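S.K.: Data: work_18.csv, CSV, C-alpha atoms.
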chain,number,residue,atom,x,y,z
A,1,ASN,CA,29.6,2.8,-4.3
A,2,ALA,CA,26.0,3.8,-4.8
A,3,GLY,CA,24.6,2.2,-1.6
A,4,VAL,CA,20.9,1.4,-1.8
A,5,THR,CA,19.1,2.5,-5.1
A,6,GLN,CA,15.4,2.6,-5.3
A,7,THR,CA,13.2,3.2,-8.4
A,8,PRO,CA,10.9,4.9,-9.2
A,9,LYS,CA,10.9,8.0,-7.0
A,10,PHE,CA,7.2,8.7,-7.7
A,11,GLN,CA,4.4,6.6,-9.0
A,12,VAL,CA,0.6,7.0,-9.4
A,13,LEU,CA,-1.5,3.9,-9.9
A,14,LYS,CA,-5.1,3.2,-10.3
A,15,THR,CA,-6.9,0.8,-8.0
A,16,GLY,CA,-6.3,-2.8,-9.2
A,17,GLN,CA,-3.2,-2.1,-11.1
A,18,SER,CA,0.0,-4.0,-10.3
A,19,MET,CA,3.6,-2.7,-10.2
A,20,THR,CA,7.0,-3.5,-8.9
A,21,LEU,CA,9.2,-1.3,-6.8
A,22,GLN,CA,12.9,-1.9,-7.6
A,23,CYS,CA,15.6,-2.0,-5.0
A,24,ALA,CA,19.3,-2.7,-5.5
A,25,GLN,CA,22.4,-2.5,-3.2
A,26,ASP,CA,26.1,-2.8,-3.9
A,27,MET,CA,27.4,-3.3,-0.4
A,28,ASN,CA,27.1,-7.1,-0.5
A,29,HIS,CA,24.6,-7.1,2.4
A,30,GLU,CA,22.8,-10.3,3.1
A,31,TYR,CA,19.8,-8.6,4.8
A,32,MET,CA,17.4,-6.4,2.9
A,33,SER,CA,14.0,-5.1,3.8
A,34,TRP,CA,11.0,-3.0,2.8
A,35,TYR,CA,9.3,-0.5,5.0
A,36,ARG,CA,6.3,1.7,4.4
A,37,GLN,CA,6.0,5.1,6.1
A,38,ASP,CA,2.6,6.7,6.9
A,39,PRO,CA,2.0,9.8,9.0
A,40,GLY,CA,1.9,9.1,12.7
A,41,MET,CA,2.8,5.4,12.2
A,42,GLY,CA,6.5,5.4,11.8
A,43,LEU,CA,8.2,2.9,9.6
A,44,ARG,CA,6.4,-0.5,9.4
A,45,LEU,CA,8.2,-3.6,8.1
A,46,ILE,CA,6.5,-5.2,5.1
A,47,HIS,CA,8.9,-8.0,4.1
A,48,TYR,CA,12.5,-8.8,4.6
A,49,SER,CA,15.1,-11.2,3.4
A,50,VAL,CA,18.2,-12.7,5.1
A,51,GLY,CA,19.8,-13.8,1.8
A,52,ALA,CA,19.1,-15.0,-1.7
A,53,GLY,CA,16.2,-17.4,-1.7
A,54,ILE,CA,15.1,-16.5,1.8
A,55,THR,CA,12.2,-14.1,2.6
A,56,ASP,CA,9.9,-13.6,5.5
A,57,GLN,CA,6.9,-11.5,6.4
A,58,GLY,CA,7.1,-8.4,8.5
A,59,GLU,CA,4.4,-6.4,10.3
A,60,VAL,CA,2.2,-5.5,7.3
A,61,PRO,CA,2.8,-8.0,4.5
A,62,ASN,CA,-0.7,-8.3,3.1
A,63,GLY,CA,-1.0,-7.1,-0.5
A,64,TYR,CA,2.7,-7.3,-1.2
A,65,ASN,CA,4.9,-10.0,-2.6
A,66,VAL,CA,8.7,-10.3,-2.6
A,67,SER,CA,11.4,-12.5,-4.0
A,68,ARG,CA,15.2,-12.6,-3.6
A,69,SER,CA,17.0,-14.2,-6.5
A,70,THR,CA,20.3,-12.4,-6.1
A,71,THR,CA,22.1,-10.7,-3.2
A,72,GLU,CA,21.9,-7.3,-4.9
A,73,ASP,CA,18.2,-7.1,-5.7
A,74,PHE,CA,15.0,-7.2,-3.6
A,75,PRO,CA,11.9,-6.1,-5.6
A,76,LEU,CA,8.6,-5.4,-4.0
A,77,ARG,CA,5.5,-6.3,-5.9
A,78,LEU,CA,2.0,-4.8,-5.5
A,79,LEU,CA,-0.3,-7.4,-6.9
A,80,SER,CA,-3.6,-5.3,-7.0
A,81,ALA,CA,-3.1,-1.8,-5.8
A,82,ALA,CA,-5.5,-0.4,-3.2
A,83,PRO,CA,-5.9,3.2,-1.9
A,84,SER,CA,-4.7,1.9,1.5
A,85,GLN,CA,-1.3,1.3,-0.1
A,86,THR,CA,-0.8,5.0,-0.7
A,87,SER,CA,2.4,5.6,1.2
A,88,VAL,CA,6.2,6.3,1.1
A,89,TYR,CA,8.1,3.1,0.6
A,90,PHE,CA,11.7,2.6,1.7
A,91,CYS,CA,14.0,-0.2,0.9
A,92,ALA,CA,16.9,-0.8,3.3
A,93,SER,CA,19.9,-3.2,3.6
A,94,ARG,CA,21.6,-4.0,6.8
A,95,SER,CA,25.3,-4.5,7.5
A,96,ALA,CA,26.8,-7.2,9.6
A,97,ASN,CA,26.9,-4.9,12.6
A,98,GLU,CA,23.1,-4.3,12.3
A,99,LYS,CA,23.3,-0.8,10.8
A,100,LEU,CA,20.4,-0.1,8.3
A,101,PHE,CA,21.1,1.8,5.1
A,102,PHE,CA,18.0,3.3,3.4
A,103,GLY,CA,17.2,4.0,-0.2
A,104,SER,CA,15.8,7.4,-1.1
A,105,GLY,CA,12.2,6.3,-1.0
A,106,THR,CA,9.3,5.9,-3.4
A,107,GLN,CA,6.2,8.0,-3.0
A,108,LEU,CA,3.2,5.9,-4.2
A,109,SER,CA,-0.3,7.2,-4.7
A,110,VAL,CA,-3.2,4.8,-5.5
A,111,LEU,CA,-6.3,6.5,-6.8
B,1,GLY,CA,4.3,-9.6,20.2
B,2,GLU,CA,7.1,-7.4,18.9
B,3,ASN,CA,6.3,-3.7,19.6
B,4,VAL,CA,8.1,-0.5,20.2
B,5,GLU,CA,6.3,2.5,21.7
B,6,GLN,CA,7.7,6.0,21.4
B,7,HIS,CA,6.8,9.2,23.3
B,8,PRO,CA,6.2,12.0,22.8
B,9,SER,CA,4.8,12.2,19.2
B,10,THR,CA,5.7,15.9,19.0
B,11,LEU,CA,8.2,17.9,21.0
B,12,SER,CA,8.9,21.7,20.9
B,13,VAL,CA,11.9,23.2,22.6
B,14,GLN,CA,13.8,26.5,22.6
B,15,GLU,CA,17.2,26.6,21.0
B,16,GLY,CA,19.8,25.7,23.7
B,17,ASP,CA,17.4,23.6,25.7
B,18,SER,CA,17.6,19.8,26.1
B,19,ALA,CA,15.2,17.3,24.4
B,20,VAL,CA,14.4,13.8,25.6
B,21,ILE,CA,12.6,11.1,23.6
B,22,LYS,CA,11.6,7.8,25.3
B,23,CYS,CA,10.9,4.4,23.9
B,24,THR,CA,9.8,1.1,25.4
B,25,TYR,CA,9.8,-2.3,23.8
B,26,SER,CA,7.9,-5.5,24.3
B,27,ASP,CA,10.4,-8.3,24.0
B,28,SER,CA,13.3,-8.8,26.4
B,29,ALA,CA,15.3,-10.6,23.7
B,30,SER,CA,16.3,-7.4,21.9
B,31,ASN,CA,20.0,-6.5,22.1
B,32,TYR,CA,20.4,-3.6,19.6
B,33,PHE,CA,18.7,-0.2,19.8
B,34,PRO,CA,19.4,2.4,17.1
B,35,TRP,CA,18.0,5.9,16.7
B,36,TYR,CA,17.4,7.4,13.3
B,37,LYS,CA,16.9,11.0,12.2
B,38,GLN,CA,14.8,11.9,9.2
B,39,GLU,CA,14.8,15.4,7.8
B,40,LEU,CA,11.8,16.6,5.7
B,41,GLY,CA,11.7,14.7,2.3
B,42,LYS,CA,14.8,12.7,3.0
B,43,ARG,CA,15.7,9.1,4.0
B,44,PRO,CA,16.2,8.1,7.7
B,45,GLN,CA,19.8,8.3,8.8
B,46,LEU,CA,21.4,6.5,11.8
B,47,ILE,CA,22.6,9.0,14.4
B,48,ILE,CA,23.5,6.7,17.3
B,49,ASP,CA,23.0,3.2,18.5
B,50,ILE,CA,23.4,1.1,21.7
B,51,ARG,CA,23.8,-2.5,22.5
B,52,SER,CA,22.5,-4.4,25.5
B,53,ASN,CA,25.9,-4.8,27.1
B,54,VAL,CA,26.2,-1.0,27.9
B,55,GLY,CA,23.9,1.4,29.7
B,56,GLU,CA,24.8,4.7,28.1
B,57,LYS,CA,26.6,5.9,25.0
B,58,LYS,CA,27.4,9.5,24.0
B,59,ASP,CA,28.4,11.2,20.8
B,60,GLN,CA,28.9,15.0,21.1
B,61,ARG,CA,25.5,16.5,21.9
B,62,ILE,CA,23.5,13.3,21.7
B,63,ALA,CA,23.4,10.4,24.1
B,64,VAL,CA,21.3,7.2,24.5
B,65,THR,CA,20.5,5.4,27.7
B,66,LEU,CA,19.2,1.9,28.0
B,67,ASN,CA,17.5,0.1,30.9
B,68,LYS,CA,17.0,-3.5,29.9
B,69,THR,CA,15.2,-4.4,33.2
B,70,ALA,CA,12.5,-1.8,32.5
B,71,LYS,CA,12.7,-2.4,28.7
B,72,HIS,CA,13.1,1.2,27.9
B,73,PHE,CA,15.7,3.4,26.2
B,74,SER,CA,16.0,7.2,25.7
B,75,LEU,CA,17.6,9.7,23.3
B,76,HIS,CA,19.0,12.9,24.9
B,77,ILE,CA,19.9,15.9,22.8
B,78,THR,CA,21.6,18.7,24.7
B,79,GLU,CA,22.1,22.3,23.6
B,80,THR,CA,19.6,21.9,20.8
B,81,GLN,CA,20.0,23.8,17.5
B,82,PRO,CA,17.5,24.6,14.8
B,83,GLU,CA,19.2,22.0,12.5
B,84,ASP,CA,18.2,19.4,15.1
B,85,SER,CA,14.6,19.9,13.9
B,86,ALA,CA,13.5,16.6,12.3
B,87,VAL,CA,11.6,13.4,13.0
B,88,TYR,CA,13.4,10.9,15.2
B,89,PHE,CA,12.7,7.2,15.3
B,90,CYS,CA,13.8,4.6,17.8
B,91,ALA,CA,14.0,1.0,16.9
B,92,ALA,CA,14.7,-2.4,18.4
B,93,LEU,CA,16.1,-5.6,17.0
B,94,PHE,CA,13.9,-8.6,17.8
B,95,SER,CA,15.6,-11.9,17.6
B,96,GLY,CA,12.7,-14.3,17.3
B,97,GLY,CA,13.3,-16.3,14.1
B,98,TYR,CA,15.2,-14.1,11.7
B,99,ASN,CA,16.3,-10.8,13.3
B,100,LYS,CA,13.8,-8.0,12.6
B,101,LEU,CA,14.3,-4.2,13.2
B,102,ILE,CA,11.0,-2.7,14.4
B,103,PHE,CA,10.6,1.0,14.6
B,104,GLY,CA,8.6,3.3,16.9
B,105,ALA,CA,6.1,5.7,15.5
B,106,GLY,CA,8.5,8.7,15.5
B,107,THR,CA,8.8,12.0,17.4
B,108,ARG,CA,8.6,15.3,15.5
B,109,LEU,CA,11.1,17.7,17.2
B,110,ALA,CA,10.9,21.4,16.5
B,111,VAL,CA,13.7,23.6,17.8
B,112,HIS,CA,12.8,27.3,17.9
B,113,PRO,CA,15.4,30.0,17.6
What's the structure tokens form of this structure?
M.R.:
Amino acid sequence: NAGVTQTPKFQVLKTGQSMTLQCAQDMNHEYMSWYRQDPGMGLRLIHYSVGAGITDQGEVPNGYNVSRSTTEDFPLRLLSAAPSQTSVYFCASRSANEKLFFGSGTQLSVL
Amino acid sequence: GENVEQHPSTLSVQEGDSAVIKCTYSDSASNYFPWYKQELGKRPQLIIDIRSNVGEKKDQRIAVTLNKTAKHFSLHITETQPEDSAVYFCAALFSGGYNKLIFGAGTRLAVHP
């Protein structure tokens, strides 16, 4: 039981490049989400999903795209990277009793 | 809107003292309030949570209190130890539409020997 697996752990992009952050969970959780963490701003919700085929916007969705084709996977796409998207990204899935399980994080730098 | 405010942003205590972190939330529909601890370079981990049908919950040296009328909840750590040094986040579950877990900005706790 690996829990929540995120890849890559580190990534450097140039402004305007696109990329996908991968997230997978093996706990059969319906709810998955993406957060970004910036100094002094806590964990801000980007997008979330309550099940395959259902996604919704969080607090800071602009510049990001998501889809949920399976229960296990919830990738986050940066369409055209900007320096303001430099951050640490965490994927998380949530159990039926609301407990959140985080992945190990992706440190992204956009130059 | 859905908002969680957390204070203080930094907290420094001597080993053995108590530490208290406070959070307020903006929406009275919330019914679940967890606290997460994040050590340097690691992922956040759940340390304790409370639901709206209780006013206090304890787990060894940590406790959480909830005042739904005032829309605030607090984390209490007693007999602090150096390994308690970390960033602590409060969160609240907002039930408008699909349930969303919104976090406070975090408190950096330093426990000095």
S.K.: Select from chain B every residue with an atom at most 9 Å from any atom of chain A, then for each give the shortest pair of atoms and their distance in Å to one decimal, using all atoms listed in the file, rows by chain and rising number, as a Markdown table.
M.R.:
| residue | atom | partner | partner_atom | distance |
| --- | --- | --- | --- | --- |
| B:Ser9 | CA | A:Gly40 | CA | 7.8 |
| B:Tyr32 | CA | A:Glu98 | CA | 7.8 |
| B:Pro34 | CA | A:Lys99 | CA | 8.1 |
| B:Lys42 | CA | A:Ser104 | CA | 6.8 |
| B:Arg43 | CA | A:Ser104 | CA | 5.4 |
| B:Pro44 | CA | A:Phe102 | CA | 6.7 |
| B:Gln45 | CA | A:Phe102 | CA | 7.6 |
| B:Leu46 | CA | A:Leu100 | CA | 7.5 |
| B:Asp49 | CA | A:Lys99 | CA | 8.7 |
| B:Phe89 | CA | A:Gly42 | CA | 7.3 |
| B:Leu93 | CA | A:Glu98 | CA | 8.5 |
| B:Tyr98 | CA | A:Val50 | CA | 7.4 |
| B:Asn99 | CA | A:Val50 | CA | 8.6 |
| B:Lys100 | CA | A:Gly58 | CA | 7.9 |
| B:Leu101 | CA | A:Leu45 | CA | 8.0 |
| B:Ile102 | CA | A:Leu45 | CA | 7.0 |
| B:Phe103 | CA | A:Leu43 | CA | 5.9 |
| B:Gly104 | CA | A:Gly42 | CA | 5.9 |
| B:Ala105 | CA | A:Gly42 | CA | 3.7 |
| B:Gly106 | CA | A:Gly42 | CA | 5.3 |
| B:Thr107 | CA | A:Gly40 | CA | 8.8 |
S.K.: For each of B:Asp17, B:Cys90, B:Thr24, B:Leu66, take the minimum atom-to-atom distance to Glu5 in chain B, counting all atoms listed in the file, then give the residue where this is smallest.
M.R.: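 Looking only at the distances to Glu5 in chain B, the closest residue turns out to be B:Thr24.
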S.K.: With distances taken over all atoms listed in the file, which of B:Ala110, B:Val4, B:Ala86, B:Leu11 is nearest to Ser26 in chain B?
M.R.: B:Val4
S.K.: So that I can see what lies close to Lys68 in chain B, please list as a list in words the residues with an atom at most 10 Å from it, counting all atoms listed in the file and leaving out residues fewer than 2 positions away in the same chain.
M.R.: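 So the residues in contact are Thr24, Tyr25, Ser28, Ala29, Ser30, Asn31, Ser52, Asn53, Val54, Gly55, Thr65, Leu66, Ala70, Lys71, His72 and Phe73 of chain B.
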S.K.: Find the residues around range 71-82 of chain A up to 8 Å (all atoms listed in the file counted), leave out those fewer than 2 positions away in its own chain, and share them as a PyMOL selection string.
M.R.: chain A and resi 13-26+28-30+32-34+51-52+63-69+84-86+110-111
S.K.: Within 6 Å of Val87 in chain B, counting all atoms listed in the file, which residues qualify if same-chain residues fewer than 3 places away don't, as a PyMOL selection string?
M.R.: chain B and resi 37-38+107-108
S.K.: Can you pull out every residue within 8 Å of Lys22 in chain B, counting only C-alpha atoms, but drop anything in the same chain fewer than 4 positions away, and send it as a compact mmCIF listing (two decimals) with C-alpha atoms, in the frame of the given file?
M.R.:
# COMPACT_ATOMS: atom_id res chain seq x y z
CA GLN B 6 7.70 6.00 21.40
CA HIS B 7 6.80 9.20 23.30
CA PRO B 8 6.20 12.00 22.80
CA HIS B 72 13.10 1.20 27.90
CA PHE B 73 15.70 3.40 26.20
CA SER B 74 16.00 7.20 25.70
CA LEU B 75 17.60 9.70 23.30
S.K.: Show which residues sit within 6 Å of Phe33 in chain B, as a VMD selection string. Count all atoms listed in the file, and ignore same-chain residues fewer than 2 positions away.
M.R.: chain B and resid 49 to 50 91 to 92
S.K.: Limited to C-alpha atoms, could you put the picked residues into a file as a short mmCIF file (atom, residue, chain, number, x, y, z; two decimals), in the coordinates of the input?
M.R.:
data_model
loop_
_atom_site.label_atom_id
_atom_site.label_comp_id
_atom_site.auth_asym_id
_atom_site.auth_seq_id
_atom_site.Cartn_x
_atom_site.Cartn_y
_atom_site.Cartn_z
CA ASP B 49 23.00 3.20 18.50
CA ILE B 50 23.40 1.10 21.70
CA ALA B 91 14.00 1.00 16.90
CA ALA B 92 14.70 -2.40 18.40
#
